[in-house]
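> Just so it is clear, I am handing over my_file22.txt, which has compact mmCIF, C-alpha atoms and all ligand atoms.
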```txt
# COMPACT_ATOMS: atom_id res chain seq x y z
CA MET Q 227 -38.61 138.03 -1.87
CA ILE Q 228 -38.52 137.48 1.88
CA TYR Q 229 -39.95 134.10 2.83
CA LEU Q 230 -41.27 133.97 6.40
CA ASP Q 231 -43.76 131.13 6.07
CA HIS Q 232 -41.72 128.00 6.74
CA ALA Q 233 -44.55 126.35 8.69
CA ALA Q 234 -46.58 126.33 5.45
CA THR Q 235 -43.86 124.72 3.39
CA THR Q 236 -40.13 124.91 2.72
CA ALA Q 237 -37.85 124.89 -0.31
CA VAL Q 238 -36.25 121.56 -1.17
CA ALA Q 239 -32.66 121.47 0.08
CA PRO Q 240 -30.24 121.47 -2.92
CA GLN Q 241 -28.55 118.32 -1.61
CA ALA Q 242 -31.90 116.54 -1.32
CA LEU Q 243 -32.83 117.55 -4.88
CA GLU Q 244 -29.49 116.38 -6.19
CA GLU Q 245 -29.87 112.96 -4.60
CA MET Q 246 -33.46 112.66 -5.87
CA LEU Q 247 -32.70 113.42 -9.52
CA PRO Q 248 -31.17 110.05 -10.56
CA TYR Q 249 -34.39 108.28 -9.50
CA PHE Q 250 -36.48 110.14 -12.08
CA CYS Q 251 -34.63 109.01 -15.21
CA GLY Q 252 -31.49 106.88 -14.96
CA GLN Q 253 -32.33 104.87 -11.85
CA TYR Q 254 -36.09 104.61 -12.46
CA GLY Q 255 -36.59 100.88 -11.76
CA ASN Q 256 -39.61 99.70 -9.82
CA PRO Q 257 -38.45 98.67 -6.33
CA SER Q 258 -40.57 95.50 -6.56
CA THR Q 259 -38.67 94.06 -9.53
CA MET Q 260 -35.84 91.50 -9.54
CA TYR Q 261 -33.28 93.09 -11.88
CA SER Q 262 -30.64 95.49 -10.67
CA LEU Q 263 -32.38 98.61 -12.01
CA GLY Q 264 -35.21 97.83 -9.59
CA THR Q 265 -33.17 96.47 -6.70
CA GLY Q 266 -31.18 99.72 -6.79
CA SER Q 267 -34.42 101.60 -6.12
CA LYS Q 268 -35.38 99.11 -3.42
CA LYS Q 269 -32.04 99.67 -1.75
CA ALA Q 270 -32.57 103.44 -1.82
CA VAL Q 271 -36.05 103.07 -0.26
CA ASN Q 272 -34.73 100.81 2.49
CA GLU Q 273 -31.76 103.04 3.15
CA ALA Q 274 -34.12 106.02 3.56
CA LYS Q 275 -36.31 104.00 5.87
CA ARG Q 276 -33.34 102.97 8.00
CA ARG Q 277 -32.18 106.58 8.23
CA LEU Q 278 -35.59 107.94 9.25
CA ALA Q 279 -36.15 105.13 11.76
CA GLY Q 280 -32.71 105.80 13.26
CA MET Q 281 -33.58 109.45 13.82
CA LEU Q 282 -36.58 108.43 15.93
CA GLY Q 283 -35.00 105.54 17.81
CA ALA Q 284 -37.35 103.22 15.89
CA GLU Q 285 -36.84 100.15 13.72
CA MET Q 286 -37.05 100.40 9.96
CA GLU Q 287 -40.01 97.97 9.90
CA GLU Q 288 -41.95 100.55 11.90
CA ILE Q 289 -41.80 103.26 9.18
CA TYR Q 290 -44.53 103.37 6.51
CA PHE Q 291 -44.24 105.83 3.65
CA THR Q 292 -47.34 107.88 2.84
CA SER Q 293 -48.19 110.88 0.67
CA GLY Q 294 -47.65 113.29 3.57
CA GLY Q 295 -48.80 114.49 6.95
CA THR Q 296 -52.52 114.50 6.17
CA GLU Q 297 -52.49 110.91 4.98
CA SER Q 298 -50.45 109.80 7.99
CA ASP Q 299 -52.88 111.52 10.36
CA ASN Q 300 -55.92 110.03 8.63
CA TRP Q 301 -54.43 106.55 8.61
CA ALA Q 302 -53.40 106.68 12.26
CA ILE Q 303 -56.78 107.86 13.50
CA ARG Q 304 -59.12 105.94 11.26
CA GLY Q 305 -56.85 102.89 11.42
CA VAL Q 306 -56.77 102.71 15.21
CA ALA Q 307 -60.50 103.43 15.36
CA GLU Q 308 -61.22 100.52 13.02
CA GLY Q 309 -58.61 98.13 14.38
CA TYR Q 310 -59.44 98.67 18.05
CA ALA Q 311 -63.22 99.18 17.84
CA HIS Q 312 -63.68 95.88 19.73
CA LYS Q 313 -61.88 97.49 22.71
CA GLY Q 314 -63.81 100.75 22.68
CA ARG Q 315 -64.98 103.72 20.70
CA HIS Q 316 -63.61 106.70 22.58
CA ILE Q 317 -60.82 108.96 21.31
CA ILE Q 318 -59.14 111.89 23.05
CA THR Q 319 -57.59 114.71 21.05
CA THR Q 320 -57.28 118.49 21.38
CA ARG Q 321 -59.08 121.55 20.07
CA ILE Q 322 -55.93 122.83 18.41
CA GLU Q 323 -55.05 119.91 16.13
CA HIS Q 324 -54.43 120.33 12.42
CA HIS Q 325 -57.49 119.62 10.28
CA GLY Q 326 -55.73 116.42 9.19
CA VAL Q 327 -56.57 115.14 12.67
CA LEU Q 328 -59.73 117.08 13.49
CA HIS Q 329 -61.69 116.15 10.37
CA PRO Q 330 -61.11 112.37 10.64
CA CYS Q 331 -62.20 112.67 14.29
CA GLU Q 332 -65.38 114.50 13.27
CA TYR Q 333 -65.98 111.82 10.65
CA LEU Q 334 -65.62 109.12 13.31
CA GLU Q 335 -68.14 110.90 15.52
CA LYS Q 336 -70.64 110.45 12.70
CA GLN Q 337 -69.77 106.74 12.73
CA GLY Q 338 -70.74 106.47 16.40
CA TYR Q 339 -67.37 107.09 18.09
CA ARG Q 340 -67.06 109.53 20.99
CA VAL Q 341 -64.34 112.14 20.77
CA THR Q 342 -63.14 114.40 23.59
CA TYR Q 343 -61.49 117.61 22.40
CA LEU Q 344 -59.22 118.82 25.20
CA PRO Q 345 -59.12 122.57 25.83
CA VAL Q 346 -55.87 124.55 25.94
CA ASP Q 347 -54.71 127.44 28.10
CA SER Q 348 -53.93 130.91 26.78
CA GLY Q 349 -50.50 129.71 25.68
CA GLY Q 350 -51.99 126.82 23.70
CA MET Q 351 -50.96 124.08 26.16
CA ILE Q 352 -53.16 121.17 27.17
CA SER Q 353 -53.15 120.06 30.80
CA THR Q 354 -52.25 116.47 31.62
CA GLU Q 355 -54.81 116.60 34.47
CA ASP Q 356 -57.53 117.33 31.90
CA LEU Q 357 -56.21 114.46 29.82
CA GLU Q 358 -56.21 112.03 32.72
CA ALA Q 359 -59.73 113.08 33.69
CA ALA Q 360 -60.94 112.48 30.13
CA ILE Q 361 -59.74 108.87 30.02
CA CYS Q 362 -62.59 106.33 30.06
CA PRO Q 363 -62.56 102.52 30.16
CA ASP Q 364 -63.31 102.50 26.42
CA THR Q 365 -60.64 105.04 25.38
CA ILE Q 366 -58.57 103.50 22.58
CA LEU Q 367 -56.52 106.44 21.33
CA ILE Q 368 -54.97 109.69 22.50
CA SER Q 369 -53.91 111.98 19.64
CA VAL Q 370 -52.06 115.14 20.67
CA MET Q 371 -49.89 117.09 18.27
CA PHE Q 372 -46.19 117.46 19.09
CA ALA Q 373 -45.98 121.14 18.16
CA ASN Q 374 -48.73 123.39 16.89
CA ASN Q 375 -48.49 124.66 13.32
CA GLU Q 376 -49.96 128.06 14.10
CA VAL Q 377 -48.47 129.21 17.39
CA GLY Q 378 -45.65 126.65 17.71
CA THR Q 379 -46.59 125.49 21.22
CA ILE Q 380 -44.82 122.26 22.17
CA GLN Q 381 -47.03 119.88 24.17
CA PRO Q 382 -45.87 117.82 27.19
CA ILE Q 383 -45.37 114.75 24.99
CA LYS Q 384 -43.33 112.73 27.49
CA GLU Q 385 -45.98 113.07 30.21
CA ILE Q 386 -48.74 112.19 27.75
CA GLY Q 387 -46.80 109.15 26.52
CA ALA Q 388 -46.20 107.95 30.08
CA LEU Q 389 -49.87 108.35 30.96
CA ALA Q 390 -50.98 106.52 27.80
CA ARG Q 391 -48.60 103.63 28.56
CA GLU Q 392 -49.79 103.42 32.16
CA LYS Q 393 -53.43 103.23 31.04
CA GLY Q 394 -52.76 100.91 28.09
CA ILE Q 395 -54.04 103.44 25.51
CA LEU Q 396 -52.39 104.03 22.13
CA PHE Q 397 -50.72 107.43 21.68
CA HIS Q 398 -50.52 109.13 18.29
CA THR Q 399 -48.77 112.45 17.73
CA ASP Q 400 -48.89 114.68 14.67
CA ALA Q 401 -45.22 115.62 14.62
CA VAL Q 402 -45.27 117.29 11.20
CA GLN Q 403 -43.98 120.59 12.64
CA ALA Q 404 -41.59 118.95 15.07
CA PHE Q 405 -39.92 116.09 13.21
CA GLY Q 406 -36.40 117.06 12.18
CA HIS Q 407 -36.67 120.37 14.02
CA LEU Q 408 -36.64 118.76 17.47
CA ASP Q 409 -34.88 115.71 18.86
CA ILE Q 410 -37.54 112.97 19.09
CA ASN Q 411 -37.12 109.47 20.46
CA VAL Q 412 -40.35 107.47 20.24
CA GLN Q 413 -39.21 104.95 22.86
CA GLU Q 414 -38.33 107.54 25.47
CA LEU Q 415 -41.47 109.55 24.76
CA GLY Q 416 -43.85 106.57 24.72
CA ILE Q 417 -45.18 107.35 21.23
CA ASP Q 418 -47.02 104.54 19.42
CA LEU Q 419 -47.80 106.36 16.16
CA LEU Q 420 -46.17 109.48 14.71
CA SER Q 421 -46.97 111.49 11.58
CA ALA Q 422 -44.31 113.36 9.61
CA SER Q 423 -44.14 115.13 6.27
CA GLY Q 424 -41.32 115.83 3.81
CA HIS Q 425 -42.15 119.36 2.71
CA LYS Q 426 -41.96 120.92 6.20
CA ILE Q 427 -38.31 119.88 6.54
CA ASN Q 428 -36.87 120.92 3.17
CA GLY Q 429 -37.91 117.70 1.48
CA PRO Q 430 -40.32 117.44 -1.44
CA LYS Q 431 -44.11 117.76 -1.27
CA GLY Q 432 -46.38 114.72 -1.48
CA ILE Q 433 -44.25 112.44 0.70
CA GLY Q 434 -44.37 111.67 4.40
CA PHE Q 435 -44.41 108.72 6.72
CA LEU Q 436 -46.22 107.19 9.63
CA TYR Q 437 -44.23 105.55 12.40
CA VAL Q 438 -46.20 102.66 13.88
CA ASN Q 439 -44.87 100.78 16.89
CA LYS Q 440 -44.60 97.11 15.94
CA THR Q 441 -47.01 96.08 18.70
CA VAL Q 442 -49.81 98.17 17.12
CA LYS Q 443 -52.20 96.30 14.84
CA LEU Q 444 -53.05 98.85 12.19
CA PRO Q 445 -55.38 97.83 9.35
CA ALA Q 446 -54.23 98.41 5.78
CA LEU Q 447 -54.82 101.85 4.28
CA LEU Q 448 -54.54 100.78 0.65
CA ARG Q 449 -54.90 97.17 -0.43
CA GLY Q 450 -53.02 95.96 -3.46
CA GLY Q 451 -49.34 95.13 -3.83
CA ALA Q 452 -47.01 94.12 -1.03
CA GLN Q 453 -45.42 97.56 -0.60
CA GLU Q 454 -45.10 98.87 2.97
CA ARG Q 455 -45.66 95.38 4.37
CA GLY Q 456 -48.94 95.18 2.48
CA LEU Q 457 -50.50 97.99 4.50
CA ARG Q 458 -50.08 100.85 2.05
CA ALA Q 459 -49.98 99.35 -1.41
CA GLY Q 460 -48.77 101.20 -4.49
CA THR Q 461 -45.40 101.71 -6.16
CA GLU Q 462 -43.20 103.79 -3.91
CA ASN Q 463 -42.48 107.48 -4.56
CA VAL Q 464 -38.77 106.68 -4.76
CA PRO Q 465 -37.42 110.19 -5.50
CA GLY Q 466 -39.67 111.67 -2.81
CA ILE Q 467 -38.59 109.10 -0.26
CA VAL Q 468 -34.92 109.69 -1.02
CA GLY Q 469 -35.35 113.47 -0.88
CA MET Q 470 -37.22 113.38 2.43
CA ALA Q 471 -34.59 111.16 4.05
CA VAL Q 472 -31.71 113.37 2.87
CA ALA Q 473 -33.52 116.51 4.08
CA ALA Q 474 -34.25 114.88 7.45
CA GLY Q 475 -30.60 113.88 7.76
CA LEU Q 476 -29.54 117.49 7.13
CA TRP Q 477 -31.82 118.58 9.98
CA GLN Q 478 -30.40 115.95 12.28
CA ASP Q 479 -26.80 116.87 11.48
CA ASN Q 480 -27.32 120.63 11.82
CA ARG Q 481 -30.14 120.77 14.35
CA LYS Q 482 -28.37 122.60 17.15
CA LYS Q 483 -26.93 125.26 14.87
CA ARG Q 484 -30.25 125.80 13.10
CA GLN Q 485 -32.22 125.92 16.35
CA GLU Q 486 -29.88 128.51 17.84
CA HIS Q 487 -30.07 130.74 14.80
CA GLU Q 488 -33.86 130.47 14.63
CA LYS Q 489 -34.18 131.20 18.33
CA GLU Q 490 -32.03 134.29 18.02
CA LEU Q 491 -34.11 135.56 15.09
CA GLN Q 492 -37.31 134.71 16.95
CA GLU Q 493 -36.32 136.73 20.02
CA TYR Q 494 -35.17 139.63 17.87
CA LEU Q 495 -38.41 139.71 15.92
CA PHE Q 496 -40.64 139.39 18.99
CA ARG Q 497 -38.74 142.21 20.67
CA ARG Q 498 -38.90 144.59 17.74
CA LEU Q 499 -42.58 143.94 16.98
CA THR Q 500 -43.74 144.32 20.58
CA GLU Q 501 -41.56 147.34 21.33
CA GLU Q 502 -42.12 149.26 18.12
CA ILE Q 503 -45.78 148.60 17.33
CA PRO Q 504 -48.44 149.68 19.86
CA HIS Q 505 -50.86 146.99 21.05
CA CYS Q 506 -48.94 144.07 19.58
CA LEU Q 507 -50.08 140.95 21.44
CA VAL Q 508 -47.90 137.83 21.57
CA ASN Q 509 -49.80 134.59 20.90
CA GLY Q 510 -48.69 131.25 22.29
CA ASP Q 511 -46.40 130.11 25.05
CA ARG Q 512 -43.30 132.30 25.21
CA CYS Q 513 -40.95 129.46 26.24
CA ARG Q 514 -42.36 126.12 25.15
CA ARG Q 515 -42.56 126.90 21.46
CA LEU Q 516 -40.82 126.01 18.21
CA PRO Q 517 -37.72 128.16 17.79
CA GLY Q 518 -38.76 129.68 14.45
CA ASN Q 519 -42.35 130.59 15.33
CA VAL Q 520 -43.42 134.20 15.85
CA HIS Q 521 -47.14 134.78 16.24
CA VAL Q 522 -48.73 138.10 17.14
CA SER Q 523 -52.04 139.93 16.92
CA PHE Q 524 -52.69 143.53 15.99
CA PRO Q 525 -56.25 144.20 17.20
CA GLY Q 526 -58.17 146.46 14.87
CA ILE Q 527 -56.86 145.16 11.57
CA GLU Q 528 -57.70 142.29 9.24
CA GLY Q 529 -54.85 139.80 8.96
CA GLU Q 530 -55.76 139.21 5.33
CA SER Q 531 -55.30 142.87 4.38
CA LEU Q 532 -51.94 142.83 6.13
CA LEU Q 533 -50.89 139.72 4.18
CA ILE Q 534 -51.90 141.19 0.83
CA MET Q 535 -49.99 144.39 1.53
CA LEU Q 536 -46.95 142.45 2.73
CA ASP Q 537 -47.09 140.39 -0.46
CA MET Q 538 -46.93 143.60 -2.50
CA LYS Q 539 -43.61 144.25 -0.75
CA GLY Q 540 -42.41 140.72 -1.55
CA ILE Q 541 -42.90 139.37 1.97
CA CYS Q 542 -44.55 135.96 2.44
CA ALA Q 543 -46.29 135.42 5.76
CA SER Q 544 -49.45 133.87 7.12
CA SER Q 545 -52.43 134.73 9.26
CA GLY Q 546 -53.60 131.65 11.10
CA SER Q 547 -53.14 128.51 9.01
CA ALA Q 548 -53.35 128.45 5.22
CA CYS Q 549 -56.58 126.44 5.16
CA THR Q 550 -58.15 128.76 7.73
CA THR Q 551 -57.18 131.73 5.59
CA GLY Q 552 -59.02 130.20 2.61
CA ALA Q 553 -62.13 129.64 4.72
CA ARG Q 554 -62.06 133.25 6.04
CA LYS Q 555 -62.89 132.06 9.53
CA PRO Q 556 -60.89 133.05 12.58
CA SER Q 557 -58.44 130.29 13.46
CA HIS Q 558 -59.85 127.51 15.65
CA VAL Q 559 -56.50 127.39 17.42
CA LEU Q 560 -56.52 131.05 18.42
CA LEU Q 561 -60.17 130.90 19.51
CA ALA Q 562 -59.39 127.80 21.63
CA MET Q 563 -56.61 129.83 23.30
CA GLY Q 564 -59.20 132.40 24.31
CA LEU Q 565 -58.44 135.16 21.85
CA THR Q 566 -61.40 137.30 20.85
CA GLU Q 567 -62.53 137.08 17.24
CA GLN Q 568 -61.05 140.52 16.70
CA GLU Q 569 -57.67 139.50 18.12
CA ALA Q 570 -57.71 136.28 16.07
CA ARG Q 571 -58.60 138.12 12.87
CA GLY Q 572 -55.73 140.55 13.35
CA SER Q 573 -53.13 137.82 13.73
CA LEU Q 574 -49.87 137.40 11.90
CA ARG Q 575 -47.71 134.27 11.80
CA LEU Q 576 -44.07 134.58 10.79
CA THR Q 577 -42.20 131.29 10.69
CA LEU Q 578 -38.45 131.64 10.32
CA SER Q 579 -35.74 129.31 9.18
CA TRP Q 580 -31.99 129.14 9.67
CA GLU Q 581 -31.71 130.61 6.19
CA ASN Q 582 -33.35 133.91 7.15
CA THR Q 583 -31.20 136.88 8.07
CA ARG Q 584 -31.54 139.80 10.45
CA GLU Q 585 -31.57 142.16 7.46
CA GLU Q 586 -34.64 140.37 6.11
CA LEU Q 587 -36.36 140.73 9.47
CA ASP Q 588 -35.48 144.42 9.64
CA GLU Q 589 -37.11 144.94 6.29
CA ALA Q 590 -40.16 142.93 7.37
CA VAL Q 591 -40.54 144.88 10.63
CA GLU Q 592 -40.44 148.21 8.80
CA ALA Q 593 -43.08 146.96 6.37
CA ILE Q 594 -45.33 145.57 9.13
CA LYS Q 595 -45.01 148.76 11.18
CA GLU Q 596 -45.98 150.92 8.26
CA ILE Q 597 -48.87 148.73 7.08
CA VAL Q 598 -50.36 148.14 10.54
CA GLY Q 599 -50.25 151.88 11.20
CA ARG Q 600 -51.92 152.64 7.88
CA LEU Q 601 -54.64 149.99 8.30
CA ARG Q 602 -55.37 151.14 11.83
CA THR Q 603 -55.89 154.78 10.86
CA MET Q 604 -58.64 153.55 8.52
CA SER Q 605 -60.12 151.05 10.98
CA PRO Q 606 -63.30 151.73 12.98
CA ASP Q 607 -62.51 148.47 14.82
CA TYR Q 608 -59.30 149.99 16.09
CA SER Q 609 -61.06 153.08 17.45
CA CYS Q 610 -63.50 150.78 19.27
CA TYR Q 611 -60.60 148.72 20.59
CA MET Q 612 -58.87 151.85 21.94
CA LYS Q 613 -62.10 153.04 23.57
CA SER Q 614 -62.62 149.65 25.20
CA LEU Q 615 -59.11 149.83 26.65
CA GLU Q 616 -59.81 153.28 28.10
CA LYS Q 617 -62.92 151.98 29.80
CA GLY Q 618 -60.81 149.08 31.11
C1 LIG Q 701 -48.57 120.72 7.27
C2 LIG Q 701 -49.15 119.95 8.38
C3 LIG Q 701 -49.90 118.80 8.14
C4 LIG Q 701 -50.22 118.33 6.74
O1 LIG Q 701 -49.10 117.77 6.10
P1 LIG Q 701 -49.14 117.60 4.51
O2 LIG Q 701 -47.88 116.84 4.21
O3 LIG Q 701 -49.16 118.96 3.93
O4 LIG Q 701 -50.36 116.80 4.21
C5 LIG Q 701 -50.41 118.11 9.21
N1 LIG Q 701 -50.18 118.52 10.47
C6 LIG Q 701 -49.45 119.61 10.75
C7 LIG Q 701 -49.21 119.99 12.16
C8 LIG Q 701 -48.91 120.36 9.71
O5 LIG Q 701 -48.22 121.46 9.99
```
Could you render the structure as structure tokens?
Ligand SMILES: *Cc1c(COP(=O)(O)O)cnc(C)c1O

Amino acid sequence: MIYLDHAATTAVAPQALEEMLPYFCGQYGNPSTMYSLGTGSKKAVNEAKRRLAGMLGAEMEEIYFTSGGTESDNWAIRGVAEGYAHKGRHIITTRIEHHGVLHPCEYLEKQGYRVTYLPVDSGGMISTEDLEAAICPDTILISVMFANNEVGTIQPIKEIGALAREKGILFHTDAVQAFGHLDINVQELGIDLLSASGHKINGPKGIGFLYVNKTVKLPALLRGGAQERGLRAGTENVPGIVGMAVAAGLWQDNRKKRQEHEKELQEYLFRRLTEEIPHCLVNGDRCRRLPGNVHVSFPGIEGESLLIMLDMKGICASSGSACTTGARKPSHVLLAMGLTEQEARGSLRLTLSWENTREELDEAVEAIKEIVGRLRTMSPDYSCYMKSLEKG
């Protein structure tokens, strides 16, 4: 099997798994108890919190464990909306957010909030001028993702943070694709809330966290016990927390090496695909993008057919985001970037990791070349596309 879908999820790092295992059986105490079996778990949870906070330049009291990126996004957006409703009911976000951000925003619109969805350019970048122009006296929150999960575009987070600070507006960023992979300091970047998830960084699934600057007054998500300072009650997912922190630490310690390897593979793959397959369009910003993200379109084919045929050759890839694939709609991200429906439907996302090799990519390129060629010979869409190019 050749796994080229690391933006969808990743395998748990062996070291993270190993450090998680004791917390399932031997060291299973509830962190809220007084005896040493429980205090051992409490210590592990706090140690993980300290480690994650340290990576972000935050304090451990500013980290709240959640069940993952979606929960963190929901809590940040609905929490700020509820907690700051007395100040205003306007939120600014972008058209290319993950559904974990977009759907809570759409829900809030039904509750009487106003939401501005910023457009993006053809590379998937927002403009800070657009952002500034969208700010109103009643704007309470700006939510802009750190890096896009489909095309990997990295937004101008520092400029956005500075603008938010200047205007006294809270700034949330969905950093699920960026945390661990990129060096992030919430102080320097002016971030008030940040979402992260374990399973995108070789940690387990079902665990994530929300960083909340201590000056932010966020209402509780779950009421009950005193866990997470009373804001997210429920017995902690101790093994998950430990695994996520270990995995994050591995990213921090090896970031440069991993980034360089991913970047090299990324350039190699982009070059081979665009040089060897006719009419292969590159999607997303060529420079300001996550090192492991390769996103292209082959007009005239259906991305889904390509994925199924790649799967038969043992290659895992994606066309748009996983949820979009299920819904059989062209990706909202690609459409926002100005791709035609045809270009969006013929898209292919390959997300690489430091564990991939050139040999794997060679095999994938050969497979893609062959399949795209075969699908296009059978495609009336492709003939139309070629004719439209001739006409100019
Ligand atoms: C995967 C992802 C999420 C959702 O995280 P889960 O932990 O799977 O809920 C949110 N935002 C982005 C950008 C993602 O890539």
> Using 8 Å as the limit and counting all atoms listed in the file, can you tabulate each residue of chain Q that touches ligand LIG 701 (chain Q), with its shortest atom-to-atom distance in Å and the two atoms involved, as JSON lines?

```
{"residue": "Q:Ala233", "atom": "CA", "partner": "Q:LIG701", "partner_atom": "O5", "distance": 6.3}
{"residue": "Q:Ala234", "atom": "CA", "partner": "Q:LIG701", "partner_atom": "C1", "distance": 6.2}
{"residue": "Q:Thr235", "atom": "CA", "partner": "Q:LIG701", "partner_atom": "C1", "distance": 7.3}
{"residue": "Q:Ser293", "atom": "CA", "partner": "Q:LIG701", "partner_atom": "O2", "distance": 6.9}
{"residue": "Q:Gly294", "atom": "CA", "partner": "Q:LIG701", "partner_atom": "O2", "distance": 3.6}
{"residue": "Q:Gly295", "atom": "CA", "partner": "Q:LIG701", "partner_atom": "O1", "distance": 3.4}
{"residue": "Q:Thr296", "atom": "CA", "partner": "Q:LIG701", "partner_atom": "O4", "distance": 3.7}
{"residue": "Q:Glu297", "atom": "CA", "partner": "Q:LIG701", "partner_atom": "O4", "distance": 6.3}
{"residue": "Q:Ser298", "atom": "CA", "partner": "Q:LIG701", "partner_atom": "O4", "distance": 8.0}
{"residue": "Q:Asp299", "atom": "CA", "partner": "Q:LIG701", "partner_atom": "C5", "distance": 7.1}
{"residue": "Q:Glu323", "atom": "CA", "partner": "Q:LIG701", "partner_atom": "C7", "distance": 7.1}
{"residue": "Q:His324", "atom": "CA", "partner": "Q:LIG701", "partner_atom": "N1", "distance": 5.0}
{"residue": "Q:His325", "atom": "CA", "partner": "Q:LIG701", "partner_atom": "C5", "distance": 7.3}
{"residue": "Q:Gly326", "atom": "CA", "partner": "Q:LIG701", "partner_atom": "C5", "distance": 5.6}
{"residue": "Q:Val327", "atom": "CA", "partner": "Q:LIG701", "partner_atom": "N1", "distance": 7.6}
{"residue": "Q:Met371", "atom": "CA", "partner": "Q:LIG701", "partner_atom": "C7", "distance": 6.8}
{"residue": "Q:Phe372", "atom": "CA", "partner": "Q:LIG701", "partner_atom": "C7", "distance": 8.0}
{"residue": "Q:Ala373", "atom": "CA", "partner": "Q:LIG701", "partner_atom": "C7", "distance": 6.9}
{"residue": "Q:Asn374", "atom": "CA", "partner": "Q:LIG701", "partner_atom": "C7", "distance": 5.8}
{"residue": "Q:Asn375", "atom": "CA", "partner": "Q:LIG701", "partner_atom": "O5", "distance": 4.6}
{"residue": "Q:Glu376", "atom": "CA", "partner": "Q:LIG701", "partner_atom": "O5", "distance": 8.0}
{"residue": "Q:Asp400", "atom": "CA", "partner": "Q:LIG701", "partner_atom": "N1", "distance": 5.8}
{"residue": "Q:Ala401", "atom": "CA", "partner": "Q:LIG701", "partner_atom": "C7", "distance": 6.4}
{"residue": "Q:Val402", "atom": "CA", "partner": "Q:LIG701", "partner_atom": "C6", "distance": 4.8}
{"residue": "Q:Gln403", "atom": "CA", "partner": "Q:LIG701", "partner_atom": "O5", "distance": 5.1}
{"residue": "Q:Ser421", "atom": "CA", "partner": "Q:LIG701", "partner_atom": "N1", "distance": 7.8}
{"residue": "Q:Ala422", "atom": "CA", "partner": "Q:LIG701", "partner_atom": "O2", "distance": 7.3}
{"residue": "Q:Ser423", "atom": "CA", "partner": "Q:LIG701", "partner_atom": "O2", "distance": 4.6}
{"residue": "Q:Gly424", "atom": "CA", "partner": "Q:LIG701", "partner_atom": "O2", "distance": 6.6}
{"residue": "Q:His425", "atom": "CA", "partner": "Q:LIG701", "partner_atom": "O2", "distance": 6.4}
{"residue": "Q:Lys426", "atom": "CA", "partner": "Q:LIG701", "partner_atom": "C1", "distance": 6.7}
{"residue": "Q:Lys431", "atom": "CA", "partner": "Q:LIG701", "partner_atom": "O2", "distance": 6.7}
{"residue": "Q:Gly432", "atom": "CA", "partner": "Q:LIG701", "partner_atom": "O2", "distance": 6.3}
{"residue": "Q:Ile433", "atom": "CA", "partner": "Q:LIG701", "partner_atom": "O2", "distance": 6.7}
{"residue": "Q:Gly434", "atom": "CA", "partner": "Q:LIG701", "partner_atom": "O2", "distance": 6.3}
```
> Write out as a VMD selection string which residues come within 9 Å of segment 506-521 of chain Q when counting all atoms listed in the file, dropping same-chain ones fewer than 5 positions away.
chain Q and resid 232 to 233 348 to 351 373 to 381 403 to 404 407 to 408 485 to 493 495 to 496 499 to 501 545 to 546 560 563 565 569 573 to 580
> May I have the selected residues written with C-alpha atoms, as a tab-separated table (two decimals), keeping the file's coordinate frame?

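Listing of result-v9.tsv after writing:
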```tsv
chain	number	residue	atom	x	y	z
Q	232	HIS	CA	-41.72	128.00	6.74
Q	233	ALA	CA	-44.55	126.35	8.69
Q	348	SER	CA	-53.93	130.91	26.78
Q	349	GLY	CA	-50.50	129.71	25.68
Q	350	GLY	CA	-51.99	126.82	23.70
Q	351	MET	CA	-50.96	124.08	26.16
Q	373	ALA	CA	-45.98	121.14	18.16
Q	374	ASN	CA	-48.73	123.39	16.89
Q	375	ASN	CA	-48.49	124.66	13.32
Q	376	GLU	CA	-49.96	128.06	14.10
Q	377	VAL	CA	-48.47	129.21	17.39
Q	378	GLY	CA	-45.65	126.65	17.71
Q	379	THR	CA	-46.59	125.49	21.22
Q	380	ILE	CA	-44.82	122.26	22.17
Q	381	GLN	CA	-47.03	119.88	24.17
Q	403	GLN	CA	-43.98	120.59	12.64
Q	404	ALA	CA	-41.59	118.95	15.07
Q	407	HIS	CA	-36.67	120.37	14.02
Q	408	LEU	CA	-36.64	118.76	17.47
Q	485	GLN	CA	-32.22	125.92	16.35
Q	486	GLU	CA	-29.88	128.51	17.84
Q	487	HIS	CA	-30.07	130.74	14.80
Q	488	GLU	CA	-33.86	130.47	14.63
Q	489	LYS	CA	-34.18	131.20	18.33
Q	490	GLU	CA	-32.03	134.29	18.02
Q	491	LEU	CA	-34.11	135.56	15.09
Q	492	GLN	CA	-37.31	134.71	16.95
Q	493	GLU	CA	-36.32	136.73	20.02
Q	495	LEU	CA	-38.41	139.71	15.92
Q	496	PHE	CA	-40.64	139.39	18.99
Q	499	LEU	CA	-42.58	143.94	16.98
Q	500	THR	CA	-43.74	144.32	20.58
Q	501	GLU	CA	-41.56	147.34	21.33
Q	545	SER	CA	-52.43	134.73	9.26
Q	546	GLY	CA	-53.60	131.65	11.10
Q	560	LEU	CA	-56.52	131.05	18.42
Q	563	MET	CA	-56.61	129.83	23.30
Q	565	LEU	CA	-58.44	135.16	21.85
Q	569	GLU	CA	-57.67	139.50	18.12
Q	573	SER	CA	-53.13	137.82	13.73
Q	574	LEU	CA	-49.87	137.40	11.90
Q	575	ARG	CA	-47.71	134.27	11.80
Q	576	LEU	CA	-44.07	134.58	10.79
Q	577	THR	CA	-42.20	131.29	10.69
Q	578	LEU	CA	-38.45	131.64	10.32
Q	579	SER	CA	-35.74	129.31	9.18
Q	580	TRP	CA	-31.99	129.14	9.67
```
> Could you give me, as CSV, every segment 414-488 of chain Q residue with an atom at most 8 Å from segment 304-312 of chain Q, plus its closest atom pair and distance in Å to one decimal, counting only C-alpha atoms, rows ordered by chain then number?

```
residue,atom,partner,partner_atom,distance
Q:Lys443,CA,Q:Gly309,CA,6.7
Q:Leu444,CA,Q:Gly305,CA,5.6
Q:Pro445,CA,Q:Gly305,CA,5.7
Q:Ala446,CA,Q:Gly305,CA,7.7
Q:Leu447,CA,Q:Gly305,CA,7.5
```
